[in-house]
file work36.cif (mmCIF, C-alpha atoms)
data_protein
loop_
_atom_site.group_PDB
_atom_site.id
_atom_site.type_symbol
_atom_site.label_atom_id
_atom_site.label_comp_id
_atom_site.auth_asym_id
_atom_site.auth_seq_id
_atom_site.Cartn_x
_atom_site.Cartn_y
_atom_site.Cartn_z
ATOM 1 C CA MET J 1 0.000 0.000 0.000
ATOM 2 C CA ARG J 2 1.455 3.312 -1.053
ATOM 3 C CA SER J 3 1.726 6.073 1.511
ATOM 4 C CA HIS J 4 1.978 9.752 0.663
ATOM 5 C CA GLU J 5 1.827 11.540 4.029
ATOM 6 C CA PHE J 6 3.798 14.550 2.758
ATOM 7 C CA TYR J 7 1.228 15.390 0.066
ATOM 8 C CA VAL J 8 -1.757 14.785 2.345
ATOM 9 C CA TRP J 9 -0.401 16.939 5.175
ATOM 10 C CA MET J 10 0.745 19.695 2.819
ATOM 11 C CA ALA J 11 -2.825 19.853 1.477
ATOM 12 C CA TYR J 12 -4.477 19.786 4.913
ATOM 13 C CA GLY J 13 -1.858 22.110 6.423
ATOM 14 C CA MET J 14 -2.276 24.809 3.793
ATOM 15 C CA THR J 15 -6.071 24.597 4.105
ATOM 16 C CA ALA J 16 -5.775 25.152 7.881
ATOM 17 C CA ILE J 17 -3.409 28.102 7.296
ATOM 18 C CA ALA J 18 -5.762 29.626 4.690
ATOM 19 C CA LEU J 19 -8.773 29.332 7.021
ATOM 20 C CA LEU J 20 -6.844 30.778 9.983
ATOM 21 C CA ALA J 21 -5.470 33.616 7.834
ATOM 22 C CA GLU J 22 -9.008 34.539 6.774
ATOM 23 C CA ILE J 23 -10.273 34.513 10.355
ATOM 24 C CA VAL J 24 -7.375 36.796 11.421
ATOM 25 C CA ALA J 25 -8.055 39.069 8.414
ATOM 26 C CA LEU J 26 -11.732 39.260 9.428
ATOM 27 C CA ARG J 27 -10.788 40.351 12.963
ATOM 28 C CA ILE J 28 -8.362 42.981 11.633
ATOM 29 C CA LYS J 29 -10.991 44.324 9.226
ATOM 30 C CA ARG J 30 -13.563 44.610 12.002
ATOM 31 C CA THR J 31 -11.098 46.347 14.349
ATOM 32 C CA ARG J 32 -10.179 48.855 11.606
ATOM 33 C CA ALA J 33 -13.845 49.481 10.805
ATOM 34 C CA LEU J 34 -14.584 50.189 14.472
ATOM 35 C CA MET J 35 -11.544 52.500 14.665
ATOM 36 C CA GLY J 36 -12.882 54.351 11.600
ATOM 37 C CA VAL J 37 -16.200 54.901 13.365
ATOM 38 C CA GLU J 38 -14.407 56.167 16.497
ATOM 39 C CA GLU J 39 -12.315 58.584 14.422
ATOM 40 C CA GLU J 40 -15.447 59.981 12.798
ATOM 41 C CA ARG J 41 -17.061 60.427 16.204
ATOM 42 C CA ASP J 42 -13.971 62.181 17.584
ATOM 43 C CA LEU J 43 -13.814 64.481 14.548
ATOM 44 C CA GLU J 44 -17.434 65.467 15.043
ATOM 45 C CA ALA J 45 -16.848 66.067 18.758
ATOM 46 C CA GLN J 46 -13.987 68.461 17.910
ATOM 47 C CA ASP J 47 -16.206 70.522 15.528
ATOM 48 C CA MET W 1 -45.706 34.254 8.866
ATOM 49 C CA SER W 2 -44.129 36.737 6.489
ATOM 50 C CA ILE W 3 -40.519 37.855 6.680
ATOM 51 C CA ARG W 4 -40.008 41.603 6.605
ATOM 52 C CA TRP W 5 -37.480 41.588 3.720
ATOM 53 C CA TYR W 6 -37.301 45.369 3.440
ATOM 54 C CA TYR W 7 -36.726 45.700 7.171
ATOM 55 C CA PHE W 8 -33.682 43.387 6.996
ATOM 56 C CA ALA W 9 -32.452 45.026 3.769
ATOM 57 C CA SER W 10 -31.474 48.037 5.848
ATOM 58 C CA PRO W 11 -27.735 47.850 6.700
ATOM 59 C CA SER W 12 -28.329 49.021 10.284
ATOM 60 C CA THR W 13 -30.859 46.237 10.935
ATOM 61 C CA PHE W 14 -28.887 43.586 9.089
ATOM 62 C CA TYR W 15 -25.751 44.486 11.081
ATOM 63 C CA GLY W 16 -27.358 43.220 14.291
ATOM 64 C CA LEU W 17 -28.916 40.160 12.626
ATOM 65 C CA ALA W 18 -25.567 39.159 11.036
ATOM 66 C CA GLY W 19 -23.854 39.539 14.407
ATOM 67 C CA ARG W 20 -26.336 37.189 16.036
ATOM 68 C CA LEU W 21 -26.224 34.582 13.227
ATOM 69 C CA ALA W 22 -22.487 34.411 12.428
ATOM 70 C CA PRO W 23 -21.341 32.571 15.617
ATOM 71 C CA TRP W 24 -23.966 29.859 15.012
ATOM 72 C CA PHE W 25 -22.715 29.281 11.482
ATOM 73 C CA PHE W 26 -19.093 29.107 12.699
ATOM 74 C CA ALA W 27 -20.114 26.628 15.427
ATOM 75 C CA LEU W 28 -21.990 24.480 12.884
ATOM 76 C CA ALA W 29 -18.962 24.618 10.565
ATOM 77 C CA ALA W 30 -16.697 23.418 13.396
ATOM 78 C CA VAL W 31 -18.994 20.521 14.372
ATOM 79 C CA LEU W 32 -19.518 19.405 10.761
ATOM 80 C CA GLY W 33 -15.795 19.846 10.062
ATOM 81 C CA VAL W 34 -14.798 17.582 12.972
ATOM 82 C CA ALA W 35 -17.370 14.968 11.864
ATOM 83 C CA GLY W 36 -16.222 15.224 8.234
ATOM 84 C CA LEU W 37 -12.539 14.887 9.147
ATOM 85 C CA TYR W 38 -13.334 11.903 11.363
ATOM 86 C CA MET W 39 -15.206 10.211 8.506
ATOM 87 C CA GLY W 40 -12.558 11.125 5.965
ATOM 88 C CA LEU W 41 -9.383 10.404 7.920
ATOM 89 C CA VAL W 42 -10.487 7.639 10.310
ATOM 90 C CA VAL W 43 -13.602 5.819 9.090
ATOM 91 C CA ALA W 44 -13.178 5.904 5.280
ATOM 92 C CA PRO W 45 -11.125 2.963 3.997
ATOM 93 C CA THR W 46 -7.879 3.292 2.048
ATOM 94 C CA ASP W 47 -8.418 3.565 -1.700
ATOM 95 C CA ALA W 48 -7.403 0.393 -3.532
ATOM 96 C CA GLN W 49 -5.713 2.281 -6.392
ATOM 97 C CA GLN W 50 -4.523 5.596 -4.927
ATOM 98 C CA GLY W 51 -3.663 4.561 -1.390
ATOM 99 C CA GLU W 52 -3.870 7.231 1.333
ATOM 100 C CA VAL W 53 -3.322 10.220 -0.963
ATOM 101 C CA TYR W 54 -6.955 10.110 -2.093
ATOM 102 C CA ARG W 55 -7.854 11.596 1.356
ATOM 103 C CA ILE W 56 -7.010 14.996 -0.134
ATOM 104 C CA ILE W 57 -10.375 14.849 -1.924
ATOM 105 C CA PHE W 58 -12.144 15.473 1.408
ATOM 106 C CA ILE W 59 -10.980 19.075 1.176
ATOM 107 C CA HIS W 60 -10.236 19.405 -2.544
ATOM 108 C CA VAL W 61 -13.724 18.553 -3.817
ATOM 109 C CA PRO W 62 -15.694 20.624 -1.229
ATOM 110 C CA ALA W 63 -13.324 23.580 -1.756
ATOM 111 C CA SER W 64 -13.837 23.339 -5.540
ATOM 112 C CA TRP W 65 -17.614 23.226 -5.108
ATOM 113 C CA MET W 66 -17.517 26.240 -2.785
ATOM 114 C CA SER W 67 -15.260 28.219 -5.148
ATOM 115 C CA MET W 68 -17.911 27.954 -7.875
ATOM 116 C CA PHE W 69 -20.965 28.236 -5.636
ATOM 117 C CA ILE W 70 -19.690 31.368 -3.865
ATOM 118 C CA TYR W 71 -18.943 32.998 -7.226
ATOM 119 C CA PHE W 72 -22.493 32.216 -8.377
ATOM 120 C CA VAL W 73 -24.022 33.677 -5.188
ATOM 121 C CA MET W 74 -21.708 36.718 -5.417
ATOM 122 C CA ALA W 75 -22.833 37.353 -9.018
ATOM 123 C CA CYS W 76 -26.486 36.991 -7.934
ATOM 124 C CA TRP W 77 -26.024 39.608 -5.199
ATOM 125 C CA GLY W 78 -24.287 41.798 -7.798
ATOM 126 C CA ALA W 79 -27.267 41.406 -10.152
ATOM 127 C CA VAL W 80 -29.698 42.289 -7.345
ATOM 128 C CA SER W 81 -27.664 45.395 -6.500
ATOM 129 C CA LEU W 82 -27.672 46.480 -10.165
ATOM 130 C CA MET W 83 -31.397 45.807 -10.685
ATOM 131 C CA PHE W 84 -32.782 47.194 -7.437
ATOM 132 C CA ASN W 85 -29.934 49.553 -6.450
ATOM 133 C CA THR W 86 -29.833 48.049 -2.952
ATOM 134 C CA ARG W 87 -26.778 48.861 -0.862
ATOM 135 C CA LEU W 88 -26.854 45.679 1.203
ATOM 136 C CA ALA W 89 -26.790 43.396 -1.880
ATOM 137 C CA ALA W 90 -23.585 45.059 -3.090
ATOM 138 C CA MET W 91 -22.068 44.779 0.376
ATOM 139 C CA MET W 92 -22.925 41.056 0.503
ATOM 140 C CA ALA W 93 -21.280 40.518 -2.886
ATOM 141 C CA ARG W 94 -18.121 42.259 -1.626
ATOM 142 C CA ALA W 95 -18.179 40.234 1.586
ATOM 143 C CA LEU W 96 -18.236 36.927 -0.307
ATOM 144 C CA ALA W 97 -15.336 37.581 -2.701
ATOM 145 C CA PRO W 98 -12.332 36.985 -0.351
ATOM 146 C CA THR W 99 -13.822 33.719 0.964
ATOM 147 C CA GLY W 100 -14.475 32.556 -2.595
ATOM 148 C CA ALA W 101 -10.897 33.441 -3.581
ATOM 149 C CA MET W 102 -9.583 31.547 -0.536
ATOM 150 C CA PHE W 103 -11.523 28.391 -1.453
ATOM 151 C CA THR W 104 -10.376 28.654 -5.089
ATOM 152 C CA PHE W 105 -6.768 28.858 -3.901
ATOM 153 C CA VAL W 106 -7.327 25.861 -1.582
ATOM 154 C CA ALA W 107 -8.895 23.878 -4.464
ATOM 155 C CA LEU W 108 -5.891 24.608 -6.711
ATOM 156 C CA TRP W 109 -3.327 23.952 -3.971
ATOM 157 C CA THR W 110 -4.827 20.665 -2.784
ATOM 158 C CA GLY W 111 -5.413 19.551 -6.387
ATOM 159 C CA SER W 112 -1.760 20.176 -7.101
ATOM 160 C CA PHE W 113 -0.659 18.076 -4.105
ATOM 161 C CA TRP W 114 -3.010 15.314 -5.211
ATOM 162 C CA GLY W 115 -1.738 15.572 -8.801
ATOM 163 C CA ARG W 116 1.964 15.131 -8.003
ATOM 164 C CA PRO W 117 1.740 11.540 -6.646
ATOM 165 C CA THR W 118 -1.198 10.602 -8.908
ATOM 166 C CA TRP W 119 -0.291 12.164 -12.276
ATOM 167 C CA GLY W 120 3.404 12.751 -11.644
ATOM 168 C CA THR W 121 3.117 16.548 -11.850
ATOM 169 C CA TYR W 122 1.992 19.449 -9.645
ATOM 170 C CA TRP W 123 0.536 21.383 -12.545
ATOM 171 C CA VAL W 124 -0.739 20.817 -16.050
ATOM 172 C CA TRP W 125 -2.505 23.288 -18.373
ATOM 173 C CA ASP W 126 -5.579 21.102 -18.403
ATOM 174 C CA ALA W 127 -9.005 22.643 -19.206
ATOM 175 C CA ARG W 128 -10.454 22.025 -15.706
ATOM 176 C CA ILE W 129 -7.413 23.323 -13.822
ATOM 177 C CA THR W 130 -6.847 26.298 -16.132
ATOM 178 C CA SER W 131 -10.496 27.410 -15.920
ATOM 179 C CA GLU W 132 -10.297 27.117 -12.102
ATOM 180 C CA LEU W 133 -7.192 29.349 -12.210
ATOM 181 C CA VAL W 134 -9.178 31.829 -14.344
ATOM 182 C CA LEU W 135 -11.799 31.791 -11.552
ATOM 183 C CA LEU W 136 -9.107 32.789 -9.031
ATOM 184 C CA PHE W 137 -8.071 35.690 -11.306
ATOM 185 C CA LEU W 138 -11.744 36.688 -11.629
ATOM 186 C CA TYR W 139 -11.985 36.883 -7.825
ATOM 187 C CA PHE W 140 -8.777 38.959 -7.661
ATOM 188 C CA GLY W 141 -10.074 41.217 -10.448
ATOM 189 C CA TYR W 142 -13.409 41.613 -8.667
ATOM 190 C CA ILE W 143 -11.755 42.581 -5.357
ATOM 191 C CA ALA W 144 -9.330 44.992 -7.067
ATOM 192 C CA LEU W 145 -12.067 46.635 -9.160
ATOM 193 C CA ALA W 146 -14.478 46.982 -6.219
ATOM 194 C CA ASN W 147 -11.811 48.817 -4.189
ATOM 195 C CA SER W 148 -10.406 50.987 -6.985
ATOM 196 C CA PHE W 149 -13.046 53.733 -6.870
ATOM 197 C CA GLU W 150 -13.206 56.700 -4.518
ATOM 198 C CA ASP W 151 -16.995 56.356 -4.518
ATOM 199 C CA PRO W 152 -17.803 52.803 -3.265
ATOM 200 C CA ARG W 153 -21.151 52.781 -5.122
ATOM 201 C CA ARG W 154 -19.310 53.103 -8.452
ATOM 202 C CA GLY W 155 -17.044 50.272 -7.346
ATOM 203 C CA ASP W 156 -20.138 48.207 -6.544
ATOM 204 C CA ARG W 157 -21.596 48.691 -10.018
ATOM 205 C CA ALA W 158 -18.353 48.010 -11.899
ATOM 206 C CA SER W 159 -17.520 44.898 -9.878
ATOM 207 C CA ALA W 160 -21.096 43.560 -10.155
ATOM 208 C CA LEU W 161 -20.794 43.834 -13.934
ATOM 209 C CA LEU W 162 -17.476 41.968 -13.871
ATOM 210 C CA ALA W 163 -18.990 39.253 -11.656
ATOM 211 C CA LEU W 164 -21.880 38.794 -14.107
ATOM 212 C CA ILE W 165 -19.548 38.582 -17.124
ATOM 213 C CA GLY W 166 -17.351 36.101 -15.253
ATOM 214 C CA LEU W 167 -20.343 33.788 -14.721
ATOM 215 C CA VAL W 168 -19.613 32.336 -18.159
ATOM 216 C CA ASN W 169 -16.560 30.643 -16.616
ATOM 217 C CA LEU W 170 -18.645 28.467 -14.251
ATOM 218 C CA PRO W 171 -20.148 26.122 -16.897
ATOM 219 C CA ILE W 172 -16.707 26.001 -18.526
ATOM 220 C CA ILE W 173 -15.203 24.733 -15.244
ATOM 221 C CA TYR W 174 -18.021 22.272 -14.605
ATOM 222 C CA PHE W 175 -18.291 20.806 -18.119
ATOM 223 C CA SER W 176 -14.601 21.076 -19.041
ATOM 224 C CA VAL W 177 -14.070 17.374 -18.292
ATOM 225 C CA VAL W 178 -16.933 16.531 -20.687
ATOM 226 C CA TRP W 179 -16.209 19.041 -23.458
ATOM 227 C CA TRP W 180 -12.455 18.420 -23.714
ATOM 228 C CA ASN W 181 -10.117 15.488 -23.382
ATOM 229 C CA THR W 182 -8.656 16.407 -19.987
ATOM 230 C CA LEU W 183 -6.241 14.801 -17.560
ATOM 231 C CA HIS W 184 -8.595 15.747 -14.719
ATOM 232 C CA GLN W 185 -11.062 12.990 -13.914
ATOM 233 C CA GLY W 186 -14.821 13.401 -14.312
ATOM 234 C CA SER W 187 -17.278 13.872 -11.439
ATOM 235 C CA SER W 188 -17.480 11.031 -8.930
ATOM 236 C CA VAL W 189 -20.678 12.430 -7.418
ATOM 237 C CA SER W 190 -23.744 13.555 -9.382
ATOM 238 C CA PHE W 191 -27.484 13.839 -8.869
ATOM 239 C CA LYS W 192 -27.830 10.409 -10.487
ATOM 240 C CA GLY W 193 -25.742 8.752 -7.776
ATOM 241 C CA THR W 194 -22.179 7.776 -6.977
ATOM 242 C CA THR W 195 -19.815 4.840 -7.182
ATOM 243 C CA MET W 196 -17.961 5.906 -4.012
ATOM 244 C CA HIS W 197 -17.835 3.992 -0.735
ATOM 245 C CA VAL W 198 -20.551 5.304 1.603
ATOM 246 C CA ALA W 199 -17.994 6.479 4.254
ATOM 247 C CA MET W 200 -16.036 8.393 1.579
ATOM 248 C CA LEU W 201 -19.233 10.013 0.320
ATOM 249 C CA TRP W 202 -20.333 11.040 3.834
ATOM 250 C CA GLY W 203 -16.877 12.426 4.630
ATOM 251 C CA MET W 204 -16.981 14.568 1.519
ATOM 252 C CA LEU W 205 -20.567 15.748 2.041
ATOM 253 C CA LEU W 206 -19.924 16.645 5.697
ATOM 254 C CA MET W 207 -16.828 18.634 4.729
ATOM 255 C CA ALA W 208 -18.807 20.375 1.974
ATOM 256 C CA LEU W 209 -21.504 21.336 4.505
ATOM 257 C CA SER W 210 -18.809 22.523 6.921
ATOM 258 C CA PHE W 211 -17.218 24.756 4.254
ATOM 259 C CA TRP W 212 -20.666 26.041 3.343
ATOM 260 C CA MET W 213 -21.499 27.005 6.930
ATOM 261 C CA TYR W 214 -18.030 28.552 7.341
ATOM 262 C CA SER W 215 -18.572 30.637 4.169
ATOM 263 C CA ILE W 216 -21.872 31.993 5.477
ATOM 264 C CA GLY W 217 -20.293 32.808 8.860
ATOM 265 C CA ALA W 218 -17.309 34.530 7.230
ATOM 266 C CA ALA W 219 -19.509 36.501 4.812
ATOM 267 C CA LEU W 220 -21.792 37.672 7.646
ATOM 268 C CA THR W 221 -18.785 38.715 9.742
ATOM 269 C CA ARG W 222 -17.179 40.565 6.822
ATOM 270 C CA VAL W 223 -20.390 42.293 5.788
ATOM 271 C CA ARG W 224 -20.619 43.775 9.313
ATOM 272 C CA ALA W 225 -17.209 45.383 8.820
ATOM 273 C CA VAL W 226 -18.195 46.617 5.340
ATOM 274 C CA ILE W 227 -21.420 48.103 6.775
ATOM 275 C CA LEU W 228 -19.427 49.884 9.510
ATOM 276 C CA GLU W 229 -16.969 51.281 6.941
ATOM 277 C CA ARG W 230 -19.801 52.677 4.818
ATOM 278 C CA GLU W 231 -22.062 53.844 7.654
ATOM 279 C CA ARG W 232 -19.391 55.292 9.959
ATOM 280 C CA ARG W 233 -20.906 58.779 9.725
ATOM 281 C CA THR W 234 -24.354 57.651 10.868
ATOM 282 C CA GLN W 235 -25.645 57.990 14.416
ATOM 283 C CA TRP W 236 -26.329 54.275 14.912
ATOM 284 C CA ALA W 237 -22.771 53.340 13.906
ATOM 285 C CA ARG W 238 -21.259 55.932 16.244
ATOM 286 C CA ALA W 239 -23.358 54.601 19.074
ATOM 287 C CA LEU W 240 -21.745 51.167 18.528
ATOM 288 C CA ALA W 241 -18.222 52.501 19.017
ATOM 289 C CA ARG W 242 -18.978 53.941 22.446
#
call {"tool": "encode", "arguments": {"input": "work36.cif", "output": "structure tokens"}}
result
Amino acid sequence: MRSHEFYVWMAYGMTAIALLAEIVALRIKRTRALMGVEEERDLEAQD
Amino acid sequence: MSIRWYYFASPSTFYGLAGRLAPWFFALAAVLGVAGLYMGLVVAPTDAQQGEVYRIIFIHVPASWMSMFIYFVMACWGAVSLMFNTRLAAMMARALAPTGAMFTFVALWTGSFWGRPTWGTYWVWDARITSELVLLFLYFGYIALANSFEDPRRGDRASALLALIGLVNLPIIYFSVVWWNTLHQGSSVSFKGTTMHVAMLWGMLLMALSFWMYSIGAALTRVRAVILERERRTQWARALAR
């Protein structure tokens, strides 16, 4: 029986990295969006 | 009981709804993912011809399905935004694109690592693989075009048009193995049935459902950020940041 662990784990490993990277990117995007809202609020408070 | 579609079409209302729904979809994705991996890596038997390397299909096939399905849904939201000029539809289309691109990349990557031990090469300019690569470029083009305008509404319209034109690539991907003499194998699963072992089939279907739930959760989470970016000057958005 042939065994190809390297190829299987490279495929599963990259999928896990891609999913994790997207989840991190989602958190960063949300944080930046919230910061944008805060900046707008601060700008209005200064006026 | 009727659903108040117009009520939920408002970004401010949908923001709260998406926030409540997204964690459930992520939780479902995790549960289905664990079940799918268990079926695929533990329960499913070793393939008589390919050995253990066939286990890549438990992510390759669902990722390929999602890459096409997300593009189709993204183009539909784009069409709705063009026809009815609804802001939320355009935001949903934008929110889906990065997840679709990610699954297209995963489909290409895992296919390549399945191809090396099976075909003897990581890459071949085969009709199925090349059209899937075109899909990845369509996603990149969509994301770049949507973000290249000062006025986001113009970006919405231009990218929706691109998404609709790119729809022509989906039947090319799907039927490429029928229309041309390709190295890529034909579909193992169809509406008519399958020749796969039942544990292999369940592993693949559970992983497909997991990716589907994940995509909905990711799109709902991203659309909340897109809504905040667009609505940051409104009173309701400012109240959130307090």
call {"tool": "closest_atom_pairs", "arguments": {"input": "work36.cif", "of": "chain J", "to": "chain W", "cutoff": "8 Å", "atoms": "all atoms listed in the file", "output": "tab-separated table"}}
result
residue	atom	partner	partner_atom	distance
J:Met1	CA	W:Gly51	CA	6.0
J:Arg2	CA	W:Gly51	CA	5.3
J:Ser3	CA	W:Glu52	CA	5.7
J:His4	CA	W:Val53	CA	5.6
J:Glu5	CA	W:Val53	CA	7.3
J:Tyr7	CA	W:Phe113	CA	5.3
J:Val8	CA	W:Ile56	CA	5.8
J:Met10	CA	W:Phe113	CA	7.2
J:Ala11	CA	W:Thr110	CA	4.8
J:Tyr12	CA	W:Ile56	CA	7.4
J:Met14	CA	W:Val106	CA	7.5
J:Thr15	CA	W:Val106	CA	6.0
J:Ala18	CA	W:Met102	CA	6.8
J:Leu19	CA	W:Met102	CA	7.9
J:Glu22	CA	W:Thr99	CA	7.6
J:Ile23	CA	W:Ala218	CA	7.7
J:Leu26	CA	W:Arg222	CA	6.2
J:Lys29	CA	W:Ala225	CA	6.3
J:Arg30	CA	W:Ala225	CA	4.9
J:Ala33	CA	W:Glu229	CA	5.3
J:Leu34	CA	W:Ala241	CA	6.3
J:Met35	CA	W:Ala241	CA	8.0
J:Gly36	CA	W:Arg232	CA	6.8
J:Val37	CA	W:Arg232	CA	4.7
J:Glu38	CA	W:Ala241	CA	5.9
J:Glu40	CA	W:Arg233	CA	6.4
J:Arg41	CA	W:Arg238	CA	6.2
call {"tool": "write_last_selection", "arguments": {"input": "work36.cif", "atoms": "C-alpha atoms", "output": "PDB file, in the coordinates of the input"}}
result
ATOM      1  CA  MET J   1       0.000   0.000   0.000  1.00  0.00           C
ATOM      2  CA  ARG J   2       1.455   3.312  -1.053  1.00  0.00           C
ATOM      3  CA  SER J   3       1.726   6.073   1.511  1.00  0.00           C
ATOM      4  CA  HIS J   4       1.978   9.752   0.663  1.00  0.00           C
ATOM      5  CA  GLU J   5       1.827  11.540   4.029  1.00  0.00           C
ATOM      6  CA  TYR J   7       1.228  15.390   0.066  1.00  0.00           C
ATOM      7  CA  VAL J   8      -1.757  14.785   2.345  1.00  0.00           C
ATOM      8  CA  MET J  10       0.745  19.695   2.819  1.00  0.00           C
ATOM      9  CA  ALA J  11      -2.825  19.853   1.477  1.00  0.00           C
ATOM     10  CA  TYR J  12      -4.477  19.786   4.913  1.00  0.00           C
ATOM     11  CA  MET J  14      -2.276  24.809   3.793  1.00  0.00           C
ATOM     12  CA  THR J  15      -6.071  24.597   4.105  1.00  0.00           C
ATOM     13  CA  ALA J  18      -5.762  29.626   4.690  1.00  0.00           C
ATOM     14  CA  LEU J  19      -8.773  29.332   7.021  1.00  0.00           C
ATOM     15  CA  GLU J  22      -9.008  34.539   6.774  1.00  0.00           C
ATOM     16  CA  ILE J  23     -10.273  34.513  10.355  1.00  0.00           C
ATOM     17  CA  LEU J  26     -11.732  39.260   9.428  1.00  0.00           C
ATOM     18  CA  LYS J  29     -10.991  44.324   9.226  1.00  0.00           C
ATOM     19  CA  ARG J  30     -13.563  44.610  12.002  1.00  0.00           C
ATOM     20  CA  ALA J  33     -13.845  49.481  10.805  1.00  0.00           C
ATOM     21  CA  LEU J  34     -14.584  50.189  14.472  1.00  0.00           C
ATOM     22  CA  MET J  35     -11.544  52.500  14.665  1.00  0.00           C
ATOM     23  CA  GLY J  36     -12.882  54.351  11.600  1.00  0.00           C
ATOM     24  CA  VAL J  37     -16.200  54.901  13.365  1.00  0.00           C
ATOM     25  CA  GLU J  38     -14.407  56.167  16.497  1.00  0.00           C
ATOM     26  CA  GLU J  40     -15.447  59.981  12.798  1.00  0.00           C
ATOM     27  CA  ARG J  41     -17.061  60.427  16.204  1.00  0.00           C
TER      28      ARG J  41
END
call {"tool": "axis_aligned_box", "arguments": {"input": "work36.cif", "around": "range 11-19 of chain W", "padding_each_side": "4 Å", "output": "JSON"}}
result
{"center_x": -27.4, "center_y": 44.1, "center_z": 10.6, "size_x": 15.0, "size_y": 17.9, "size_z": 15.7}
call {"tool": "resolve_selection", "arguments": {"input": "work36.cif", "expression": "the PyMOL selection byres ((chain W and resi 67) around 6)", "output": "ChimeraX atom specification"}}
result
/W:64-66,68-70,100,103-104
call {"tool": "residues_around", "arguments": {"input": "work36.cif", "residues": "Ala35 in chain W", "least_positions_apart": "3", "cutoff": "9 Å", "atoms": "only C-alpha atoms", "output": "ChimeraX atom specification"}}
result
/W:30-32,38-40,203,206-207
call {"tool": "atom_distance", "arguments": {"input": "work36.cif", "atom1": "CA of Met91 in chain W", "atom2": "CA of Asp156 in chain W"}}
result
8.0 Å
call {"tool": "atom_distance", "arguments": {"input": "work36.cif", "atom1": "CA of Ala90 in chain W", "atom2": "CA of Tyr15 in chain W"}}
result
14.3 Å
call {"tool": "closest_residue", "arguments": {"input": "work36.cif", "among": "W:Leu138, W:Asp151, W:Leu21, W:Gly33", "to": "Ala16 in chain J", "atoms": "all atoms listed in the file"}}
result
W:Gly33
call {"tool": "residues_around", "arguments": {"input": "work36.cif", "residues": "range 76-79 of chain W", "least_positions_apart": "5", "cutoff": "9 Å", "atoms": "only C-alpha atoms", "output": "PyMOL selection string"}}
result
chain W and resi 71+84+88-94+156-157+159-161+163-164
call {"tool": "atom_distance", "arguments": {"input": "work36.cif", "atom1": "CA of Val73 in chain W", "atom2": "CA of Gly141 in chain W"}}
result
16.7 Å
call {"tool": "resolve_selection", "arguments": {"input": "work36.cif", "expression": "the PyMOL selection byres ((chain W and resi 145) around 10)", "output": "ChimeraX atom specification"}}
result
/W:139-144,146-149,154-160,162
